[in-house]
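This is protein_39.cif (mmCIF, C-alpha atoms, pLDDT in the B column; chains and numbers go by the auth columns).
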data_input
loop_
_atom_site.group_PDB
_atom_site.id
_atom_site.type_symbol
_atom_site.label_atom_id
_atom_site.label_comp_id
_atom_site.label_asym_id
_atom_site.label_seq_id
_atom_site.Cartn_x
_atom_site.Cartn_y
_atom_site.Cartn_z
_atom_site.B_iso_or_equiv
_atom_site.auth_seq_id
_atom_site.auth_asym_id
ATOM 1 C CA MET A 1 43.048 -47.313 6.013 61.00 11 A
ATOM 2 C CA ASN A 2 42.786 -50.771 4.456 76.00 12 A
ATOM 3 C CA PRO A 3 39.596 -50.674 2.402 81.00 13 A
ATOM 4 C CA THR A 4 37.876 -53.765 1.076 87.00 14 A
ATOM 5 C CA VAL A 5 35.246 -51.745 -0.795 97.00 15 A
ATOM 6 C CA TRP A 6 36.042 -49.297 -3.572 98.00 16 A
ATOM 7 C CA LEU A 7 33.437 -46.790 -4.789 98.00 17 A
ATOM 8 C CA VAL A 8 34.618 -46.199 -8.344 98.00 18 A
ATOM 9 C CA GLY A 9 33.609 -43.769 -11.059 98.00 19 A
ATOM 10 C CA ALA A 10 33.555 -45.353 -14.512 97.00 20 A
ATOM 11 C CA GLY A 11 33.380 -41.986 -16.217 95.00 21 A
ATOM 12 C CA PRO A 12 30.798 -41.218 -18.927 92.00 22 A
ATOM 13 C CA GLY A 13 30.133 -43.193 -22.104 89.00 23 A
ATOM 14 C CA ASP A 14 33.664 -43.207 -23.536 94.00 24 A
ATOM 15 C CA PRO A 15 35.522 -46.182 -21.983 95.00 25 A
ATOM 16 C CA GLU A 16 38.889 -44.523 -22.689 95.00 26 A
ATOM 17 C CA LEU A 17 38.038 -41.876 -20.089 96.00 27 A
ATOM 18 C CA LEU A 18 38.371 -44.448 -17.291 97.00 28 A
ATOM 19 C CA THR A 19 41.241 -43.549 -14.952 97.00 29 A
ATOM 20 C CA LEU A 20 44.300 -45.742 -14.569 97.00 30 A
ATOM 21 C CA LYS A 21 43.568 -46.167 -10.867 98.00 31 A
ATOM 22 C CA ALA A 22 40.042 -47.334 -11.579 98.00 32 A
ATOM 23 C CA ALA A 23 41.335 -49.828 -14.154 98.00 33 A
ATOM 24 C CA ARG A 24 43.886 -51.175 -11.633 98.00 34 A
ATOM 25 C CA VAL A 25 41.293 -51.668 -8.901 98.00 35 A
ATOM 26 C CA LEU A 26 38.901 -53.355 -11.334 98.00 36 A
ATOM 27 C CA SER A 27 41.653 -55.758 -12.397 98.00 37 A
ATOM 28 C CA GLN A 28 41.994 -56.859 -8.746 97.00 38 A
ATOM 29 C CA ALA A 29 38.292 -57.028 -7.895 97.00 39 A
ATOM 30 C CA GLU A 30 36.556 -60.244 -6.900 97.00 40 A
ATOM 31 C CA ILE A 31 33.064 -58.738 -7.088 98.00 41 A
ATOM 32 C CA VAL A 32 31.837 -55.755 -9.124 98.00 42 A
ATOM 33 C CA MET A 33 28.445 -54.205 -8.433 98.00 43 A
ATOM 34 C CA VAL A 34 27.700 -52.207 -11.565 97.00 44 A
ATOM 35 C CA ASP A 35 25.175 -49.480 -12.364 94.00 45 A
ATOM 36 C CA ASP A 36 23.099 -49.298 -15.550 90.00 46 A
ATOM 37 C CA LEU A 37 24.894 -46.286 -17.022 90.00 47 A
ATOM 38 C CA VAL A 38 28.337 -47.911 -17.050 95.00 48 A
ATOM 39 C CA ASN A 39 29.613 -48.735 -20.546 94.00 49 A
ATOM 40 C CA PRO A 40 29.821 -52.568 -20.772 95.00 50 A
ATOM 41 C CA GLN A 41 33.316 -52.256 -22.290 96.00 51 A
ATOM 42 C CA ILE A 42 34.560 -51.108 -18.876 97.00 52 A
ATOM 43 C CA LEU A 43 33.948 -54.623 -17.572 97.00 53 A
ATOM 44 C CA GLU A 44 36.714 -55.918 -19.835 97.00 54 A
ATOM 45 C CA HIS A 45 39.061 -54.695 -17.076 98.00 55 A
ATOM 46 C CA CYS A 46 37.653 -57.264 -14.619 97.00 56 A
ATOM 47 C CA PRO A 47 37.124 -60.577 -16.446 97.00 57 A
ATOM 48 C CA GLN A 48 37.879 -62.487 -13.253 96.00 58 A
ATOM 49 C CA ALA A 49 35.197 -60.772 -11.166 98.00 59 A
ATOM 50 C CA ARG A 50 31.659 -61.793 -10.366 98.00 60 A
ATOM 51 C CA ILE A 51 29.384 -59.120 -11.864 97.00 61 A
ATOM 52 C CA ILE A 52 26.279 -58.068 -9.937 97.00 62 A
ATOM 53 C CA ARG A 53 24.019 -55.581 -11.721 95.00 63 A
ATOM 54 C CA VAL A 54 22.411 -53.088 -9.376 94.00 64 A
ATOM 55 C CA GLY A 55 20.983 -50.487 -11.736 82.00 65 A
ATOM 56 C CA LYS A 56 19.209 -47.369 -10.497 68.00 66 A
ATOM 57 C CA ARG A 57 17.363 -45.354 -13.167 60.00 67 A
ATOM 58 C CA GLY A 58 14.680 -42.730 -12.691 56.00 68 A
ATOM 59 C CA GLY A 59 11.325 -43.934 -14.005 55.00 69 A
ATOM 60 C CA CYS A 60 12.602 -47.502 -14.420 57.00 70 A
ATOM 61 C CA ARG A 61 12.727 -50.559 -12.239 67.00 71 A
ATOM 62 C CA SER A 62 15.651 -49.972 -9.883 78.00 72 A
ATOM 63 C CA THR A 63 17.590 -51.877 -7.253 89.00 73 A
ATOM 64 C CA PRO A 64 16.687 -50.476 -3.801 93.00 74 A
ATOM 65 C CA GLN A 65 19.514 -48.586 -2.122 93.00 75 A
ATOM 66 C CA GLU A 66 19.001 -50.565 1.079 95.00 76 A
ATOM 67 C CA PHE A 67 19.674 -53.811 -0.795 95.00 77 A
ATOM 68 C CA ILE A 68 22.825 -52.352 -2.374 95.00 78 A
ATOM 69 C CA ASN A 69 24.069 -51.242 1.047 96.00 79 A
ATOM 70 C CA CYS A 70 23.471 -54.682 2.558 96.00 80 A
ATOM 71 C CA LEU A 71 25.323 -56.426 -0.277 96.00 81 A
ATOM 72 C CA MET A 72 28.322 -54.119 0.121 97.00 82 A
ATOM 73 C CA LEU A 73 28.308 -54.699 3.867 97.00 83 A
ATOM 74 C CA ARG A 74 28.122 -58.488 3.501 96.00 84 A
ATOM 75 C CA TYR A 75 31.012 -58.744 1.067 96.00 85 A
ATOM 76 C CA GLY A 76 32.996 -56.074 2.865 95.00 86 A
ATOM 77 C CA ARG A 77 32.793 -57.997 6.138 95.00 87 A
ATOM 78 C CA GLN A 78 33.837 -61.153 4.305 95.00 88 A
ATOM 79 C CA GLY A 79 36.977 -59.346 3.151 94.00 89 A
ATOM 80 C CA LYS A 80 36.069 -59.645 -0.522 95.00 90 A
ATOM 81 C CA ARG A 81 37.655 -57.122 -2.892 96.00 91 A
ATOM 82 C CA LEU A 82 34.465 -55.344 -3.915 98.00 92 A
ATOM 83 C CA VAL A 83 34.098 -52.539 -6.473 98.00 93 A
ATOM 84 C CA ARG A 84 30.888 -50.512 -6.560 98.00 94 A
ATOM 85 C CA LEU A 85 31.090 -49.204 -10.136 98.00 95 A
ATOM 86 C CA LYS A 86 29.102 -46.083 -10.985 97.00 96 A
ATOM 87 C CA GLY A 87 28.726 -44.031 -14.141 95.00 97 A
ATOM 88 C CA GLY A 88 30.438 -40.639 -14.206 96.00 98 A
ATOM 89 C CA ASP A 89 31.901 -39.539 -10.888 98.00 99 A
ATOM 90 C CA PRO A 90 30.624 -41.360 -7.783 97.00 100 A
ATOM 91 C CA CYS A 91 30.542 -38.134 -5.755 97.00 101 A
ATOM 92 C CA ILE A 92 28.529 -36.137 -8.316 96.00 102 A
ATOM 93 C CA PHE A 93 24.976 -37.330 -7.621 94.00 103 A
ATOM 94 C CA GLY A 94 26.296 -40.874 -7.290 93.00 104 A
ATOM 95 C CA ARG A 95 25.654 -41.469 -3.554 94.00 105 A
ATOM 96 C CA ALA A 96 29.257 -42.437 -2.859 96.00 106 A
ATOM 97 C CA GLY A 97 29.429 -40.113 0.138 95.00 107 A
ATOM 98 C CA GLU A 98 26.400 -41.572 1.871 96.00 108 A
ATOM 99 C CA GLU A 99 27.472 -45.126 1.041 97.00 109 A
ATOM 100 C CA ALA A 100 30.932 -44.529 2.515 97.00 110 A
ATOM 101 C CA ILE A 101 29.435 -43.071 5.688 97.00 111 A
ATOM 102 C CA TRP A 102 26.967 -45.970 5.987 97.00 112 A
ATOM 103 C CA LEU A 103 29.711 -48.576 5.607 97.00 113 A
ATOM 104 C CA ARG A 104 32.113 -46.829 8.003 96.00 114 A
ATOM 105 C CA ALA A 105 29.402 -46.719 10.692 97.00 115 A
ATOM 106 C CA ARG A 106 29.268 -50.519 10.446 96.00 116 A
ATOM 107 C CA GLY A 107 33.001 -51.097 10.543 95.00 117 A
ATOM 108 C CA VAL A 108 33.767 -51.425 6.818 96.00 118 A
ATOM 109 C CA GLU A 109 36.251 -49.017 5.289 95.00 119 A
ATOM 110 C CA SER A 110 35.940 -47.872 1.688 96.00 120 A
ATOM 111 C CA GLU A 111 37.878 -45.741 -0.767 97.00 121 A
ATOM 112 C CA ILE A 112 36.417 -43.432 -3.382 98.00 122 A
ATOM 113 C CA ILE A 113 38.022 -43.298 -6.834 98.00 123 A
ATOM 114 C CA ASN A 114 36.887 -40.378 -8.933 97.00 124 A
ATOM 115 C CA GLY A 115 35.674 -40.526 -12.512 97.00 125 A
ATOM 116 C CA ILE A 116 34.985 -37.881 -15.148 97.00 126 A
ATOM 117 C CA THR A 117 31.465 -36.569 -14.729 97.00 127 A
ATOM 118 C CA ALA A 118 29.027 -36.538 -17.661 96.00 128 A
ATOM 119 C CA GLY A 119 28.413 -32.789 -17.514 96.00 129 A
ATOM 120 C CA LEU A 120 32.073 -32.049 -18.119 96.00 130 A
ATOM 121 C CA ALA A 121 32.642 -34.740 -20.745 96.00 131 A
ATOM 122 C CA GLY A 122 29.479 -33.954 -22.675 95.00 132 A
ATOM 123 C CA ALA A 123 30.213 -30.238 -22.796 95.00 133 A
ATOM 124 C CA THR A 124 33.783 -30.843 -23.904 93.00 134 A
ATOM 125 C CA GLN A 125 32.615 -33.147 -26.689 91.00 135 A
ATOM 126 C CA CYS A 126 30.490 -30.244 -27.939 91.00 136 A
ATOM 127 C CA GLY A 127 33.375 -27.790 -27.794 91.00 137 A
ATOM 128 C CA ILE A 128 31.849 -26.020 -24.786 94.00 138 A
ATOM 129 C CA PRO A 129 34.278 -24.943 -22.042 94.00 139 A
ATOM 130 C CA LEU A 130 32.395 -24.843 -18.749 96.00 140 A
ATOM 131 C CA THR A 131 34.551 -21.913 -17.658 95.00 141 A
ATOM 132 C CA LEU A 132 35.873 -19.241 -19.991 93.00 142 A
ATOM 133 C CA ARG A 133 37.716 -16.060 -19.117 91.00 143 A
ATOM 134 C CA GLY A 134 35.510 -13.052 -19.571 91.00 144 A
ATOM 135 C CA VAL A 135 32.412 -15.221 -19.972 92.00 145 A
ATOM 136 C CA SER A 136 32.024 -17.599 -17.020 93.00 146 A
ATOM 137 C CA ARG A 137 34.209 -17.784 -13.937 92.00 147 A
ATOM 138 C CA GLY A 138 32.526 -20.765 -12.323 96.00 148 A
ATOM 139 C CA VAL A 139 30.331 -23.818 -12.699 97.00 149 A
ATOM 140 C CA THR A 140 27.300 -24.898 -10.699 98.00 150 A
ATOM 141 C CA LEU A 141 26.271 -28.569 -10.855 98.00 151 A
ATOM 142 C CA VAL A 142 22.709 -29.346 -9.773 97.00 152 A
ATOM 143 C CA THR A 143 20.258 -32.200 -9.991 94.00 153 A
ATOM 144 C CA ALA A 144 16.667 -31.484 -10.958 89.00 154 A
ATOM 145 C CA HIS A 145 15.520 -34.174 -8.502 80.00 155 A
ATOM 146 C CA THR A 146 15.733 -33.567 -4.765 75.00 156 A
ATOM 147 C CA LYS A 147 15.283 -36.182 -2.041 73.00 157 A
ATOM 148 C CA ASP A 148 12.204 -34.436 -0.616 77.00 158 A
ATOM 149 C CA ASP A 149 10.898 -33.153 -3.990 77.00 159 A
ATOM 150 C CA SER A 150 11.435 -29.561 -2.873 82.00 160 A
ATOM 151 C CA GLU A 151 12.162 -26.871 -5.443 87.00 161 A
ATOM 152 C CA LEU A 152 15.669 -25.629 -6.071 92.00 162 A
ATOM 153 C CA ASN A 153 16.656 -22.036 -5.336 94.00 163 A
ATOM 154 C CA TRP A 154 15.894 -20.936 -8.878 96.00 164 A
ATOM 155 C CA GLN A 155 16.577 -17.264 -8.201 96.00 165 A
ATOM 156 C CA GLY A 156 20.010 -18.060 -6.815 96.00 166 A
ATOM 157 C CA LEU A 157 20.798 -20.296 -9.764 97.00 167 A
ATOM 158 C CA ALA A 158 19.441 -17.808 -12.294 97.00 168 A
ATOM 159 C CA GLN A 159 21.464 -14.928 -10.924 95.00 169 A
ATOM 160 C CA GLY A 160 24.602 -16.775 -9.837 94.00 170 A
ATOM 161 C CA GLY A 161 26.655 -15.734 -12.859 93.00 171 A
ATOM 162 C CA THR A 162 28.104 -19.228 -13.411 97.00 172 A
ATOM 163 C CA THR A 163 27.625 -21.893 -16.048 98.00 173 A
ATOM 164 C CA LEU A 164 24.759 -24.100 -14.896 98.00 174 A
ATOM 165 C CA VAL A 165 24.887 -27.859 -15.527 98.00 175 A
ATOM 166 C CA VAL A 166 21.653 -29.694 -14.755 98.00 176 A
ATOM 167 C CA TYR A 167 21.624 -33.472 -14.289 96.00 177 A
ATOM 168 C CA MET A 168 18.534 -35.705 -14.353 93.00 178 A
ATOM 169 C CA GLY A 169 16.348 -32.936 -15.722 94.00 179 A
ATOM 170 C CA VAL A 170 14.584 -34.512 -18.701 96.00 180 A
ATOM 171 C CA ALA A 171 11.383 -35.154 -16.750 93.00 181 A
ATOM 172 C CA ARG A 172 11.400 -31.658 -15.229 95.00 182 A
ATOM 173 C CA LEU A 173 12.124 -29.407 -18.193 97.00 183 A
ATOM 174 C CA GLN A 174 9.066 -27.236 -17.610 96.00 184 A
ATOM 175 C CA GLN A 175 10.000 -26.606 -13.974 96.00 185 A
ATOM 176 C CA ILE A 176 13.595 -25.830 -14.979 97.00 186 A
ATOM 177 C CA GLN A 177 12.529 -23.400 -17.687 98.00 187 A
ATOM 178 C CA GLN A 178 9.929 -21.587 -15.605 97.00 188 A
ATOM 179 C CA GLY A 179 12.064 -21.584 -12.465 97.00 189 A
ATOM 180 C CA LEU A 180 15.014 -19.941 -14.207 98.00 190 A
ATOM 181 C CA LEU A 181 12.839 -17.447 -16.103 98.00 191 A
ATOM 182 C CA ASN A 182 10.955 -16.504 -12.936 97.00 192 A
ATOM 183 C CA GLY A 183 14.281 -16.277 -11.118 97.00 193 A
ATOM 184 C CA GLY A 184 15.508 -13.602 -13.496 97.00 194 A
ATOM 185 C CA MET A 185 17.595 -15.482 -16.062 97.00 195 A
ATOM 186 C CA PRO A 186 17.287 -13.830 -19.513 97.00 196 A
ATOM 187 C CA ALA A 187 15.012 -15.632 -21.948 98.00 197 A
ATOM 188 C CA SER A 188 17.776 -15.520 -24.550 97.00 198 A
ATOM 189 C CA THR A 189 20.215 -17.525 -22.404 97.00 199 A
ATOM 190 C CA PRO A 190 21.639 -20.344 -24.584 97.00 200 A
ATOM 191 C CA ILE A 191 21.225 -23.985 -23.576 97.00 201 A
ATOM 192 C CA ALA A 192 22.882 -27.135 -24.870 97.00 202 A
ATOM 193 C CA MET A 193 20.953 -30.376 -24.435 97.00 203 A
ATOM 194 C CA ILE A 194 23.432 -33.271 -24.442 97.00 204 A
ATOM 195 C CA GLU A 195 22.166 -36.843 -24.535 96.00 205 A
ATOM 196 C CA GLN A 196 24.357 -39.896 -23.739 94.00 206 A
ATOM 197 C CA ALA A 197 27.456 -37.806 -23.119 94.00 207 A
ATOM 198 C CA SER A 198 30.729 -38.896 -24.791 92.00 208 A
ATOM 199 C CA SER A 199 29.280 -42.156 -26.135 90.00 209 A
ATOM 200 C CA PRO A 200 29.044 -42.989 -29.855 89.00 210 A
ATOM 201 C CA GLN A 201 25.313 -42.307 -29.471 90.00 211 A
ATOM 202 C CA GLN A 202 25.781 -38.771 -28.137 93.00 212 A
ATOM 203 C CA ARG A 203 23.316 -36.241 -29.535 94.00 213 A
ATOM 204 C CA GLN A 204 23.207 -32.520 -28.864 94.00 214 A
ATOM 205 C CA HIS A 205 20.968 -29.593 -29.640 95.00 215 A
ATOM 206 C CA THR A 206 21.022 -25.914 -28.703 95.00 216 A
ATOM 207 C CA CYS A 207 18.253 -23.430 -28.076 96.00 217 A
ATOM 208 C CA ARG A 208 17.263 -20.423 -25.988 97.00 218 A
ATOM 209 C CA LEU A 209 15.951 -20.795 -22.449 98.00 219 A
ATOM 210 C CA ASP A 210 12.457 -19.647 -23.420 97.00 220 A
ATOM 211 C CA LYS A 211 12.341 -22.337 -26.142 97.00 221 A
ATOM 212 C CA LEU A 212 13.632 -25.206 -23.988 98.00 222 A
ATOM 213 C CA CYS A 213 10.473 -27.311 -23.672 98.00 223 A
ATOM 214 C CA GLU A 214 9.412 -26.739 -27.258 97.00 224 A
ATOM 215 C CA GLN A 215 12.837 -27.572 -28.680 97.00 225 A
ATOM 216 C CA ALA A 216 13.384 -30.577 -26.399 97.00 226 A
ATOM 217 C CA ALA A 217 10.107 -32.081 -27.604 97.00 227 A
ATOM 218 C CA ALA A 218 11.048 -31.512 -31.257 97.00 228 A
ATOM 219 C CA PHE A 219 14.500 -32.984 -30.631 96.00 229 A
ATOM 220 C CA LYS A 220 12.935 -35.927 -28.725 97.00 230 A
ATOM 221 C CA LEU A 221 15.374 -35.519 -25.855 97.00 231 A
ATOM 222 C CA GLN A 222 15.711 -38.658 -23.743 96.00 232 A
ATOM 223 C CA SER A 223 17.497 -39.654 -20.558 93.00 233 A
ATOM 224 C CA PRO A 224 20.358 -39.859 -19.725 94.00 234 A
ATOM 225 C CA ALA A 225 21.025 -36.248 -20.608 96.00 235 A
ATOM 226 C CA VAL A 226 22.480 -33.085 -19.135 97.00 236 A
ATOM 227 C CA LEU A 227 21.708 -29.437 -19.784 98.00 237 A
ATOM 228 C CA VAL A 228 24.493 -26.877 -20.056 98.00 238 A
ATOM 229 C CA ILE A 229 23.085 -23.396 -19.531 98.00 239 A
ATOM 230 C CA GLY A 230 25.002 -20.166 -19.990 97.00 240 A
ATOM 231 C CA GLU A 231 26.893 -17.885 -22.343 95.00 241 A
ATOM 232 C CA VAL A 232 29.691 -20.435 -22.805 95.00 242 A
ATOM 233 C CA VAL A 233 27.274 -22.267 -25.096 95.00 243 A
ATOM 234 C CA ALA A 234 26.964 -19.179 -27.308 91.00 244 A
ATOM 235 C CA SER A 235 30.744 -18.782 -27.309 83.00 245 A
ATOM 236 C CA ALA A 236 31.141 -22.325 -28.652 80.00 246 A
ATOM 237 C CA ILE A 237 28.549 -21.697 -31.354 74.00 247 A
ATOM 238 C CA GLN A 238 30.170 -18.424 -32.404 71.00 248 A
ATOM 239 C CA SER A 239 33.560 -20.105 -32.676 70.00 249 A
ATOM 240 C CA GLY A 240 32.056 -22.730 -34.967 68.00 250 A
ATOM 241 C CA GLN A 241 33.086 -25.630 -32.717 66.00 251 A
ATOM 242 C CA LEU A 242 29.595 -27.088 -32.435 64.00 252 A
ATOM 243 C CA GLU A 243 29.068 -27.013 -36.191 64.00 253 A
ATOM 244 C CA GLN A 244 32.473 -28.604 -36.792 64.00 254 A
ATOM 245 C CA LEU A 245 31.629 -31.366 -34.322 60.00 255 A
ATOM 246 C CA LEU A 246 28.336 -32.045 -36.060 58.00 256 A
ATOM 247 C CA ALA A 247 30.001 -32.262 -39.465 60.00 257 A
ATOM 248 C CA ALA A 248 32.455 -34.852 -38.113 58.00 258 A
ATOM 249 C CA GLN A 249 29.737 -37.066 -36.638 53.00 259 A
ATOM 250 C CA THR A 250 27.187 -39.384 -38.176 42.00 260 A
ATOM 251 C CA ALA A 251 24.535 -38.621 -35.572 43.00 261 A
ATOM 252 C CA THR A 252 21.131 -37.653 -36.866 41.00 262 A
ATOM 253 C CA ALA A 253 20.783 -34.637 -34.568 42.00 263 A
ATOM 254 C CA GLN A 254 21.073 -31.146 -36.004 43.00 264 A
ATOM 255 C CA ILE A 255 22.758 -28.252 -34.226 43.00 265 A
ATOM 256 C CA LEU A 256 20.701 -25.178 -34.947 44.00 266 A
ATOM 257 C CA PRO A 257 21.646 -21.528 -34.416 49.00 267 A
ATOM 258 C CA ILE A 258 19.986 -20.140 -31.325 50.00 268 A
ATOM 259 C CA ALA A 259 16.789 -18.465 -32.443 46.00 269 A
ATOM 260 C CA ASN A 260 16.240 -14.841 -31.548 43.00 270 A
#
Representation of the structure as structure tokens:
Amino acid sequence: MNPTVWLVGAGPGDPELLTLKAARVLSQAEIVMVDDLVNPQILEHCPQARIIRVGKRGGCRSTPQEFINCLMLRYGRQGKRLVRLKGGDPCIFGRAGEEAIWLRARGVESEIINGITAGLAGATQCGIPLTLRGVSRGVTLVTAHTKDDSELNWQGLAQGGTTLVVYMGVARLQQIQQGLLNGGMPASTPIAMIEQASSPQQRQHTCRLDKLCEQAAAFKLQSPAVLVIGEVVASAIQSGQLEQLLAAQTATAQILPIAN
């Protein structure tokens, strides 16, 4: 395969989490189509490239996917070295799979370069291991927004026994809370709300599942944010890692013990 289009994950907010392969491809790019959530410092790796901003944000003015596809196809057919730069990992709710399939069907080969996803980076920054022996033996990544607006299998998620990481859920907190409670997840299940994962502006707050909407409103949670749901959050709190992180930061958020 000789790709002319690279679908690249920029990682989360911390520019030092960019992979070496991504940095190399960016340094060779002629054109970079960049999403809104990419840290601008990442673009220092491609000073020679033409930058085209094609942001897609829920609730905001966004570049239509059809237009993005047509641009990639045009430059790909011209043989331009094109990087489609996405925040996080391009295959975790980043549409890289469907873009690669769409391009291949039209004769343009692409290569996907992974990045660190925000759910992992944000949890790690809070001292939360997504898996922990004796506590959680798996991770489930879900988006609160579905293409057809159908509901998730809340019962399956509530009773799956894994750490649950919810992306793009700020506008659907009530549905998430009620869906998991109705699905059988204990009301006392701890949740970490993590805003702007791994960036200098990261904020985090913890609460119980049955207090999610109330606490999110008090915390003034805003997008982009992820929710980490499960007993690994309580394990981090008990070990003091969340409190130590807070003491080392200048953020205005306060980590509170999970209320009974």
* Asked: Mind telling me what the PyMOL selection byres ((chain A and resi 214) around 7) catches here, as JSON, numbers by chain?
  -> {"A": [202, 203, 204, 205, 212, 213, 215, 216, 263, 265]}
* Can you list what the PyMOL selection byres ((chain A and resi 134) around 12) grabs from this structure, as a list in words? -> Pro22, Ile126, Thr127, Ala128, Gly129, Leu130, Ala131, Gly132, Ala133, Gln135, Cys136, Gly137, Ile138, Pro139, Leu140, Thr141, Ala202, Ile204, Ala207, Ser208, Gln214, Val238, Val242, Val243, Ala246, Gln251, Leu252 and Leu255 of chain A
I need the residues from that last selection saved to file as a JSON list (two decimals), in the frame of the given file (with C-alpha atoms), if you can.
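out00.json, written as the output of this step:
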[["chain", "number", "residue", "atom", "x", "y", "z"],
["A", 22, "PRO", "CA", 30.80, -41.22, -18.93],
["A", 126, "ILE", "CA", 34.98, -37.88, -15.15],
["A", 127, "THR", "CA", 31.46, -36.57, -14.73],
["A", 128, "ALA", "CA", 29.03, -36.54, -17.66],
["A", 129, "GLY", "CA", 28.41, -32.79, -17.51],
["A", 130, "LEU", "CA", 32.07, -32.05, -18.12],
["A", 131, "ALA", "CA", 32.64, -34.74, -20.74],
["A", 132, "GLY", "CA", 29.48, -33.95, -22.68],
["A", 133, "ALA", "CA", 30.21, -30.24, -22.80],
["A", 135, "GLN", "CA", 32.62, -33.15, -26.69],
["A", 136, "CYS", "CA", 30.49, -30.24, -27.94],
["A", 137, "GLY", "CA", 33.38, -27.79, -27.79],
["A", 138, "ILE", "CA", 31.85, -26.02, -24.79],
["A", 139, "PRO", "CA", 34.28, -24.94, -22.04],
["A", 140, "LEU", "CA", 32.40, -24.84, -18.75],
["A", 141, "THR", "CA", 34.55, -21.91, -17.66],
["A", 202, "ALA", "CA", 22.88, -27.14, -24.87],
["A", 204, "ILE", "CA", 23.43, -33.27, -24.44],
["A", 207, "ALA", "CA", 27.46, -37.81, -23.12],
["A", 208, "SER", "CA", 30.73, -38.90, -24.79],
["A", 214, "GLN", "CA", 23.21, -32.52, -28.86],
["A", 238, "VAL", "CA", 24.49, -26.88, -20.06],
["A", 242, "VAL", "CA", 29.69, -20.43, -22.80],
["A", 243, "VAL", "CA", 27.27, -22.27, -25.10],
["A", 246, "ALA", "CA", 31.14, -22.32, -28.65],
["A", 251, "GLN", "CA", 33.09, -25.63, -32.72],
["A", 252, "LEU", "CA", 29.60, -27.09, -32.44],
["A", 255, "LEU", "CA", 31.63, -31.37, -34.32]]
* Can you pull out every residue within 10 Å of Arg147 in chain A, counting only C-alpha atoms, but drop anything in the same chain fewer than 4 positions away, and send it as a PyMOL selection string? => chain A and resi 140-143+171-173
* Asked: Looking at all atoms listed in the file, which of A:Ser245, A:Pro196, A:Ile201, A:Gly179 is the one that sits closest to Gln232 in chain A?
  -> A:Gly179
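One distance worth recording is that between CA of Val152 in chain A and CA of Ser209 in chain A, which is 21.8 Å.
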* Evaluating the PyMOL selection byres ((chain A and resi 57) around 10) on the displayed file yields which residues, as number ranges by chain? -> A: 36-40, 53-56, 58-61
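The residue that comes closest to Ala32 in chain A, out of A:Val15, A:Val93, A:Leu81, A:Val118 and on the basis of all atoms listed in the file, is A:Val93.
Nearest to Gly86 in chain A of all the residues A:Ala226, A:Val18, A:Ile41, A:Ala106 is A:Ile41, counting all atoms listed in the file.
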* To do: Write out as a VMD selection string the residues lying within 12 Å of Arg116 in chain A, counting only C-alpha atoms and excluding same-chain residues fewer than 2 positions away.
  => chain A and resid 79 to 80 82 to 84 86 to 87 109 to 114 118 to 120
For a cut-off of 10 Å around (36.6, -37.0, -11.6), file coordinates, pick out all residues using all atoms listed in the file and list them as a compact mmCIF listing (two decimals) with C-alpha atoms, keeping the file's coordinate frame.
# COMPACT_ATOMS: atom_id res chain seq x y z
CA VAL A 18 34.62 -46.20 -8.34
CA GLY A 19 33.61 -43.77 -11.06
CA ALA A 20 33.56 -45.35 -14.51
CA GLY A 21 33.38 -41.99 -16.22
CA LEU A 27 38.04 -41.88 -20.09
CA LEU A 28 38.37 -44.45 -17.29
CA THR A 29 41.24 -43.55 -14.95
CA GLY A 98 30.44 -40.64 -14.21
CA ASP A 99 31.90 -39.54 -10.89
CA PRO A 100 30.62 -41.36 -7.78
CA CYS A 101 30.54 -38.13 -5.76
CA ILE A 102 28.53 -36.14 -8.32
CA ILE A 123 38.02 -43.30 -6.83
CA ASN A 124 36.89 -40.38 -8.93
CA GLY A 125 35.67 -40.53 -12.51
CA ILE A 126 34.98 -37.88 -15.15
CA THR A 127 31.46 -36.57 -14.73
CA ALA A 128 29.03 -36.54 -17.66
CA LEU A 130 32.07 -32.05 -18.12
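The interatomic distance for the pair CA of Glu26 in chain A and CA of Gln51 in chain A works out to 9.5 Å.
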* Hey, can you check how far CA of Ala168 in chain A sits from CA of Ser146 in chain A? -> 13.4 Å
Would you list the residues near (9.3, -26.1, -15.5) (no more than 12 Å away, in the coordinates of the file, using only C-alpha atoms) as an mmCIF file with C-alpha atoms, in the coordinates of the input?
data_model
loop_
_atom_site.group_PDB
_atom_site.id
_atom_site.type_symbol
_atom_site.label_atom_id
_atom_site.label_comp_id
_atom_site.auth_asym_id
_atom_site.auth_seq_id
_atom_site.Cartn_x
_atom_site.Cartn_y
_atom_site.Cartn_z
ATOM 1 C CA ALA A 154 16.667 -31.484 -10.958
ATOM 2 C CA GLU A 161 12.162 -26.871 -5.443
ATOM 3 C CA LEU A 162 15.669 -25.629 -6.071
ATOM 4 C CA TRP A 164 15.894 -20.936 -8.878
ATOM 5 C CA GLY A 179 16.348 -32.936 -15.722
ATOM 6 C CA VAL A 180 14.584 -34.512 -18.701
ATOM 7 C CA ALA A 181 11.383 -35.154 -16.750
ATOM 8 C CA ARG A 182 11.400 -31.658 -15.229
ATOM 9 C CA LEU A 183 12.124 -29.407 -18.193
ATOM 10 C CA GLN A 184 9.066 -27.236 -17.610
ATOM 11 C CA GLN A 185 10.000 -26.606 -13.974
ATOM 12 C CA ILE A 186 13.595 -25.830 -14.979
ATOM 13 C CA GLN A 187 12.529 -23.400 -17.687
ATOM 14 C CA GLN A 188 9.929 -21.587 -15.605
ATOM 15 C CA GLY A 189 12.064 -21.584 -12.465
ATOM 16 C CA LEU A 190 15.014 -19.941 -14.207
ATOM 17 C CA LEU A 191 12.839 -17.447 -16.103
ATOM 18 C CA ASN A 192 10.955 -16.504 -12.936
ATOM 19 C CA GLY A 193 14.281 -16.277 -11.118
ATOM 20 C CA LEU A 219 15.951 -20.795 -22.449
ATOM 21 C CA ASP A 220 12.457 -19.647 -23.420
ATOM 22 C CA LYS A 221 12.341 -22.337 -26.142
ATOM 23 C CA LEU A 222 13.632 -25.206 -23.988
ATOM 24 C CA CYS A 223 10.473 -27.311 -23.672
ATOM 25 C CA GLU A 224 9.412 -26.739 -27.258
#
